[in-house]
Amino acid sequence: MALPLSLRLLPLLLAGGLTACASVGPDYRAPAVAVPAAWQAPSPDASASPQSLANWWEQLADPQLSALVADALAANPDLDAARAALRAARASRDAAAAQRAPSVSAGGGVTRSTALGGERTLYDAGFDAAWELDVFGGLRRAVEAFDADRAAALADLRATRVSLVAEVALNYIDLRAAQMRLAIARANLASQTETLQITQWRSQAGLASALDVEQARSNRESTRAQIPTLATGRAAAEHRLAVLTGRAPGSLHAVLAVADGARGGLLPVLPTSVAVSIPAEALRQRPDITAAERRLAAATARVGQAEAARYPAFSLSGSIGLQALGLSTFTGGGQVARSLAASVSGPVFDAGRLRAQVEVQDALREQQLAAYRKAVLGALEDVQNALVALSDTRLREQALTGAADAARNAALYARHRYASGLIDFQTVLSTERSLLTLEDSLASAEAARLTALVQLYKALGGGWSPADTATSGPQP
C-alpha cells in the first residue's frame with residue numbers, strides 16, 4: 001500500500017528543517033571604529049576603576065546629595081519607564097523564540113443532527129498541531145533581532161540611570177550655588193547699607209554731599225534687585241530635584257533650605273583626584289554606545305529576516321481525535337480520527353514587494369550604522385570637552401580666589417578711610433561693586449568646576465554597574 005504524499009515528504013521536511021543551520025542574509029560583525037590611544041585634553045588620572053565610576057557621586061562627600069541620588073534611583077518615573085521597556089523587550093524576545101517551536105491546541109464539540117432515521121448526537125475531541133520549519137533561518141533571524149533589542153533596552157535603562165544621576169548632581173550644584181550667591185548678595189547688601197548710613201551721617205555733618213548719599217543708595221538698591229533673580233534660580237533647582245526624586249515640587253524646601261547669611265560649606269567637596277579611563281574603556285563603559293551597537297545588530301538581523309521571506313516556507317500540521325455517538329462509548333468504542341499534512345508555499349509574483357522590503361531593512365541598517373558612528377564620535381567629544389572645562393575652571397577659580405580676597409581687603413580699607421575723611425566716596429563705591437562682582441564670580445566658578453566634574457563622569461558613562469540592574473529581571 002502506497003504511503004500518502006504527506007507521509008512520504010515528512011522525512012525530507014524534517015531532515016531539511018532540523019539540519020539546516022545556515023540563515024540567509026548578512027551575519028553581523030561589530031563595526032571597527034578608530035579610537036585614540038589617549039585624550040588630547042589634560043587628564044587628571046588614567047586609572048579609573050569600575051567602582052569609582054559606578055558610584056562617582058560618593059567622592060563628593062555630600063550625604064545629602066547621596067540621599068537625593070538614592071531617592072531618584074528608587075522613584076524616578078523615567079527610570080520606571082525604562083525598566084518597563086526592558087520587560088517588554090524581554091517578552092517580545094520570548095514570543096519570537098516561541099514561534100520556532102510547534103504549537104498544539106486542544107478542542108472538543110457536540111454536534112446534533114436530524115435525518116430520516118431520527119436525531120443523532122456526535123461527540124468529538126482531539127488535538128491539533130502545527131510546526132513551521134525554519135529552513136532558511138527567518139525565525140532564527142527574528143530571535144537574533146529581538147535578542148539585540150533586549151540588550152539595547154537594557155543599555156537604555158543603564159543610560160537613563162547615568163543621565164538621571166548626573167541631572168540630580170547638576171541641579172544640586174545649581175541649588176547650592178544659588179544659595180551661596182544669595183548669601184553673598186545679602187552680605188554685600190548689609191555692608192552697603194552700613195556704607196549708606198555712614199554717608200548719611202557725614203552728609204548731616206556737612207562732610208559729604210547729597211550726591212554721595214544718592215550714589216550709596218543706588219548701589220545698595222542695585223544689589224537688592226539681584227536677590228529675587230537668584231531666589232528664582234534657587235527655587236527652580238529645588239523644584240527640579242523634587243521631581244527627579246519622584247516628589248511634588250516644593251516638597252524638598254525644608255530639607256534643602258539653609259539659614260540666611262550662611263556662606264561656607266554649601267557646595268560639595270571636590271575630590272583630590274579624578275579617575276579618568278582611556279578612550280577605549282570609556283566607550284565600553286558608555287551604555288548609549290552599547291545601545292547603538294545593539295540596535296545596529298538588530299537591524300542587520302532583520303535584513304536576513306526580510307530576505308528569508310523571499311524563500312519557500314515549509315510547514316507540518318496534524319491532528320488526532322476521537323468521535324463517538326455517546327459519552328458512554330467515547331473512551332471505549334469511539335472512532336479514532338487522525339491526519340498528517342505537509343505543505344510548502346512560496347512567492348511566485350509580488351511585483352517586487354519582498355525585494356523592496358529587503359531594501360528597506362538594509363537602509364535601516366545603514367541608518368543604525370551611521371547612528372552608531374555618530375554616538376562614538378559624540379562620546380569622545382563629550383569627554384574631551386569635559387576635560388578641558390575641568391582644567392580651565394580650576395585655573396579660573398584659583399585666579400578669582402586671589403582677586404576676591406584682595407577685593408574684601410580693599411573694601412574694608414576704603415570704608416575705614418572714607419569714614420575718616422581720607423578718600424572720596426567714589427573709591428568706596430568702586431571697591432564695593434568690585435567685591436560683589438568678584439565674590440559672585442568666585443561662587444559661580446566653584447560651581448562651574450563641580451559641574452565640569454559631573455559632566456566628565458557622565459561622559460565617561462559613570463553611574464551604573466551590572467549589579468545595579470539586577471532587580472530589573474534576569475539578565476540577557
# chains A, B, ... in the order shown; residues from 1 in each chain; ligands from 1
$ residues_around --residues "A:Pro347" --least-positions-apart "4" --cutoff "8 Å" --atoms "only C-alpha atoms" --output "number ranges by chain"
A: 310-312
$ select_by_dssp --residues "stretch 273-412 of chain A" --states "strand (DSSP E or B)" --output "VMD selection string"
chain A and resid 313 to 324 335 to 345
$ write_last_selection --atoms "N, CA, C and O atoms" --output "PDB file, in the first residue's frame"
ATOM      1  N   ALA A 313       8.336  28.535   2.244  1.00  0.00           N
ATOM      2  CA  ALA A 313       8.080  28.201   3.641  1.00  0.00           C
ATOM      3  C   ALA A 313       7.531  26.785   3.721  1.00  0.00           C
ATOM      4  O   ALA A 313       6.646  26.405   2.942  1.00  0.00           O
ATOM      5  N   PHE A 314       8.075  25.997   4.641  1.00  0.00           N
ATOM      6  CA  PHE A 314       7.666  24.605   4.824  1.00  0.00           C
ATOM      7  C   PHE A 314       6.976  24.478   6.180  1.00  0.00           C
ATOM      8  O   PHE A 314       7.437  25.057   7.173  1.00  0.00           O
ATOM      9  N   SER A 315       5.904  23.686   6.224  1.00  0.00           N
ATOM     10  CA  SER A 315       5.191  23.507   7.484  1.00  0.00           C
ATOM     11  C   SER A 315       4.586  22.112   7.538  1.00  0.00           C
ATOM     12  O   SER A 315       4.324  21.479   6.508  1.00  0.00           O
ATOM     13  N   LEU A 316       4.396  21.664   8.762  1.00  0.00           N
ATOM     14  CA  LEU A 316       3.746  20.388   9.047  1.00  0.00           C
ATOM     15  C   LEU A 316       2.531  20.664   9.916  1.00  0.00           C
ATOM     16  O   LEU A 316       2.569  21.548  10.783  1.00  0.00           O
ATOM     17  N   SER A 317       1.487  19.910   9.708  1.00  0.00           N
ATOM     18  CA  SER A 317       0.303  20.021  10.556  1.00  0.00           C
ATOM     19  C   SER A 317      -0.317  18.645  10.713  1.00  0.00           C
ATOM     20  O   SER A 317      -0.181  17.780   9.831  1.00  0.00           O
ATOM     21  N   GLY A 318      -0.954  18.438  11.802  1.00  0.00           N
ATOM     22  CA  GLY A 318      -1.591  17.147  12.051  1.00  0.00           C
ATOM     23  C   GLY A 318      -2.630  17.265  13.136  1.00  0.00           C
ATOM     24  O   GLY A 318      -2.688  18.257  13.875  1.00  0.00           O
ATOM     25  N   SER A 319      -3.462  16.231  13.210  1.00  0.00           N
ATOM     26  CA  SER A 319      -4.493  16.213  14.242  1.00  0.00           C
ATOM     27  C   SER A 319      -4.800  14.768  14.596  1.00  0.00           C
ATOM     28  O   SER A 319      -4.620  13.843  13.774  1.00  0.00           O
ATOM     29  N   ILE A 320      -5.278  14.573  15.805  1.00  0.00           N
ATOM     30  CA  ILE A 320      -5.720  13.267  16.260  1.00  0.00           C
ATOM     31  C   ILE A 320      -6.889  13.482  17.213  1.00  0.00           C
ATOM     32  O   ILE A 320      -6.885  14.429  18.013  1.00  0.00           O
ATOM     33  N   GLY A 321      -7.920  12.634  17.094  1.00  0.00           N
ATOM     34  CA  GLY A 321      -9.084  12.834  17.937  1.00  0.00           C
ATOM     35  C   GLY A 321      -9.971  11.612  17.975  1.00  0.00           C
ATOM     36  O   GLY A 321      -9.731  10.605  17.294  1.00  0.00           O
ATOM     37  N   LEU A 322     -10.995  11.697  18.756  1.00  0.00           N
ATOM     38  CA  LEU A 322     -11.979  10.637  18.930  1.00  0.00           C
ATOM     39  C   LEU A 322     -13.361  11.152  18.574  1.00  0.00           C
ATOM     40  O   LEU A 322     -13.701  12.308  18.885  1.00  0.00           O
ATOM     41  N   GLN A 323     -14.160  10.282  17.963  1.00  0.00           N
ATOM     42  CA  GLN A 323     -15.540  10.611  17.648  1.00  0.00           C
ATOM     43  C   GLN A 323     -16.419   9.468  18.137  1.00  0.00           C
ATOM     44  O   GLN A 323     -16.083   8.289  17.972  1.00  0.00           O
ATOM     45  N   ALA A 324     -17.552   9.786  18.763  1.00  0.00           N
ATOM     46  CA  ALA A 324     -18.458   8.756  19.276  1.00  0.00           C
ATOM     47  C   ALA A 324     -19.870   9.296  19.289  1.00  0.00           C
ATOM     48  O   ALA A 324     -20.104  10.517  19.346  1.00  0.00           O
ATOM     49  N   GLN A 335     -14.384   6.203  17.630  1.00  0.00           N
ATOM     50  CA  GLN A 335     -13.586   6.057  16.427  1.00  0.00           C
ATOM     51  C   GLN A 335     -12.428   7.050  16.457  1.00  0.00           C
ATOM     52  O   GLN A 335     -12.623   8.236  16.702  1.00  0.00           O
ATOM     53  N   VAL A 336     -11.214   6.586  16.199  1.00  0.00           N
ATOM     54  CA  VAL A 336     -10.028   7.442  16.182  1.00  0.00           C
ATOM     55  C   VAL A 336      -9.892   8.059  14.799  1.00  0.00           C
ATOM     56  O   VAL A 336      -9.913   7.348  13.781  1.00  0.00           O
ATOM     57  N   ALA A 337      -9.740   9.375  14.777  1.00  0.00           N
ATOM     58  CA  ALA A 337      -9.520  10.097  13.521  1.00  0.00           C
ATOM     59  C   ALA A 337      -8.169  10.796  13.596  1.00  0.00           C
ATOM     60  O   ALA A 337      -7.866  11.465  14.575  1.00  0.00           O
ATOM     61  N   ARG A 338      -7.354  10.612  12.583  1.00  0.00           N
ATOM     62  CA  ARG A 338      -6.028  11.228  12.566  1.00  0.00           C
ATOM     63  C   ARG A 338      -5.722  11.745  11.176  1.00  0.00           C
ATOM     64  O   ARG A 338      -6.248  11.259  10.174  1.00  0.00           O
ATOM     65  N   SER A 339      -4.855  12.789  11.158  1.00  0.00           N
ATOM     66  CA  SER A 339      -4.430  13.337   9.864  1.00  0.00           C
ATOM     67  C   SER A 339      -3.030  13.929  10.011  1.00  0.00           C
ATOM     68  O   SER A 339      -2.634  14.346  11.109  1.00  0.00           O
ATOM     69  N   LEU A 340      -2.305  13.917   8.922  1.00  0.00           N
ATOM     70  CA  LEU A 340      -0.973  14.493   8.886  1.00  0.00           C
ATOM     71  C   LEU A 340      -0.772  15.125   7.526  1.00  0.00           C
ATOM     72  O   LEU A 340      -1.068  14.491   6.499  1.00  0.00           O
ATOM     73  N   ALA A 341      -0.305  16.380   7.512  1.00  0.00           N
ATOM     74  CA  ALA A 341      -0.145  17.093   6.243  1.00  0.00           C
ATOM     75  C   ALA A 341       1.170  17.852   6.247  1.00  0.00           C
ATOM     76  O   ALA A 341       1.620  18.347   7.285  1.00  0.00           O
ATOM     77  N   ALA A 342       1.770  17.901   5.097  1.00  0.00           N
ATOM     78  CA  ALA A 342       2.966  18.707   4.890  1.00  0.00           C
ATOM     79  C   ALA A 342       2.678  19.670   3.751  1.00  0.00           C
ATOM     80  O   ALA A 342       2.036  19.307   2.759  1.00  0.00           O
ATOM     81  N   SER A 343       3.135  20.909   3.897  1.00  0.00           N
ATOM     82  CA  SER A 343       2.843  21.912   2.875  1.00  0.00           C
ATOM     83  C   SER A 343       4.066  22.767   2.621  1.00  0.00           C
ATOM     84  O   SER A 343       4.936  22.930   3.482  1.00  0.00           O
ATOM     85  N   VAL A 344       4.119  23.278   1.432  1.00  0.00           N
ATOM     86  CA  VAL A 344       5.170  24.207   1.048  1.00  0.00           C
ATOM     87  C   VAL A 344       4.514  25.341   0.274  1.00  0.00           C
ATOM     88  O   VAL A 344       3.617  25.123  -0.536  1.00  0.00           O
ATOM     89  N   SER A 345       4.941  26.555   0.578  1.00  0.00           N
ATOM     90  CA  SER A 345       4.399  27.722  -0.115  1.00  0.00           C
ATOM     91  C   SER A 345       5.526  28.724  -0.325  1.00  0.00           C
ATOM     92  O   SER A 345       6.472  28.798   0.470  1.00  0.00           O
TER      93      SER A 345
END
$ residues_around --residues "stretch 99-114 of chain A" --least-positions-apart "2" --cutoff "8 Å" --atoms "only C-alpha atoms" --output "list in words"
Ala95, Ala96, Ala97, Leu116, Gly117, Gly118, Glu119, Arg120, Thr121, Leu122, Tyr123, Asp124, Ala125, Gly126, Phe127, Asp128, Ala129, Ala130, Trp131, Glu132, Leu133, Asp134, Leu139 and Arg140 of chain A
$ closest_residue --among "A:Ala177, A:Ala98, A:Leu369, A:Val69" --to "A:Ala30" --atoms "only C-alpha atoms"
A:Leu369
$ select_by_dssp --residues "stretch 99-188 of chain A" --states "alpha helix (DSSP H)" --output "PyMOL selection string"
chain A and resi 138-188
$ closest_atom_pairs --of "stretch 111-180 of chain A" --to "stretch 225-235 of chain A" --cutoff "9 Å" --atoms "only C-alpha atoms" --output "JSON lines"
{"residue": "A:Asp174", "atom": "CA", "partner": "A:Arg234", "partner_atom": "CA", "distance": 7.3}
{"residue": "A:Leu175", "atom": "CA", "partner": "A:Arg234", "partner_atom": "CA", "distance": 5.1}
{"residue": "A:Arg176", "atom": "CA", "partner": "A:Arg234", "partner_atom": "CA", "distance": 7.8}
{"residue": "A:Ala177", "atom": "CA", "partner": "A:Arg234", "partner_atom": "CA", "distance": 8.2}
{"residue": "A:Ala178", "atom": "CA", "partner": "A:Arg234", "partner_atom": "CA", "distance": 5.2}
{"residue": "A:Gln179", "atom": "CA", "partner": "A:Arg234", "partner_atom": "CA", "distance": 6.5}
$ write_last_selection --atoms "C-alpha atoms" --output "short mmCIF file (atom, residue, chain, number, x, y, z; two decimals), in the first residue's frame"
data_model
loop_
_atom_site.label_atom_id
_atom_site.label_comp_id
_atom_site.auth_asym_id
_atom_site.auth_seq_id
_atom_site.Cartn_x
_atom_site.Cartn_y
_atom_site.Cartn_z
CA ASP A 174 22.85 74.76 40.84
CA LEU A 175 20.80 74.91 44.03
CA ARG A 176 23.81 75.23 46.31
CA ALA A 177 25.44 77.80 44.01
CA ALA A 178 22.26 79.90 44.02
CA GLN A 179 22.15 79.71 47.82
#
$ residues_around --residues "A:Ala84" --least-positions-apart "6" --cutoff "12 Å" --atoms "only C-alpha atoms" --output "VMD selection string"
chain A and resid 77 to 78 90 to 91 150 153 to 154 156 to 157 472 to 473
$ residues_around --residues "A:Leu170" --least-positions-apart "4" --cutoff "7 Å" --atoms "only C-alpha atoms" --output "number ranges by chain"
A: 166, 174, 451, 454
$ residues_around --residues "stretch 192-208 of chain A" --least-positions-apart "5" --cutoff "6 Å" --atoms "only C-alpha atoms" --output "compact mmCIF listing (two decimals) with N, CA, C and O atoms, in the first residue's frame"
# COMPACT_ATOMS: atom_id res chain seq x y z
N VAL A 213 25.29 110.47 48.98
CA VAL A 213 24.18 109.72 49.60
C VAL A 213 23.37 108.98 48.55
O VAL A 213 23.04 107.78 48.71
N ALA A 216 25.27 106.02 47.11
CA ALA A 216 25.29 104.90 48.05
C ALA A 216 23.95 104.18 48.05
O ALA A 216 23.89 102.94 48.09
N ARG A 220 23.19 100.24 46.82
CA ARG A 220 22.52 99.27 47.66
C ARG A 220 21.30 98.68 46.96
O ARG A 220 21.07 97.45 47.00
$ residues_around --residues "A:Val168" --least-positions-apart "3" --cutoff "12 Å" --atoms "only C-alpha atoms" --output "ChimeraX atom specification"
/A:57,64-73,76,161-165,171-175,237-246,451,454-455,458,463
$ atom_distance --atom1 "atom CA of A:Pro279" --atom2 "atom CA of A:Ala452"
18.0 Å
$ atom_distance --atom1 "atom CA of A:Val358" --atom2 "atom CA of A:Leu86"
27.4 Å
$ closest_residue --among "A:Ser191, A:Ala356, A:Ser441, A:Ala386" --to "A:Leu412" --atoms "only C-alpha atoms"
A:Ser191
$ atom_distance --atom1 "atom CA of A:Leu429" --atom2 "atom CA of A:Ala190"
14.3 Å
$ closest_residue --among "A:Leu266, A:Gln59, A:Asp288, A:Asp94" --to "A:Lys374" --atoms "only C-alpha atoms"
A:Asp288
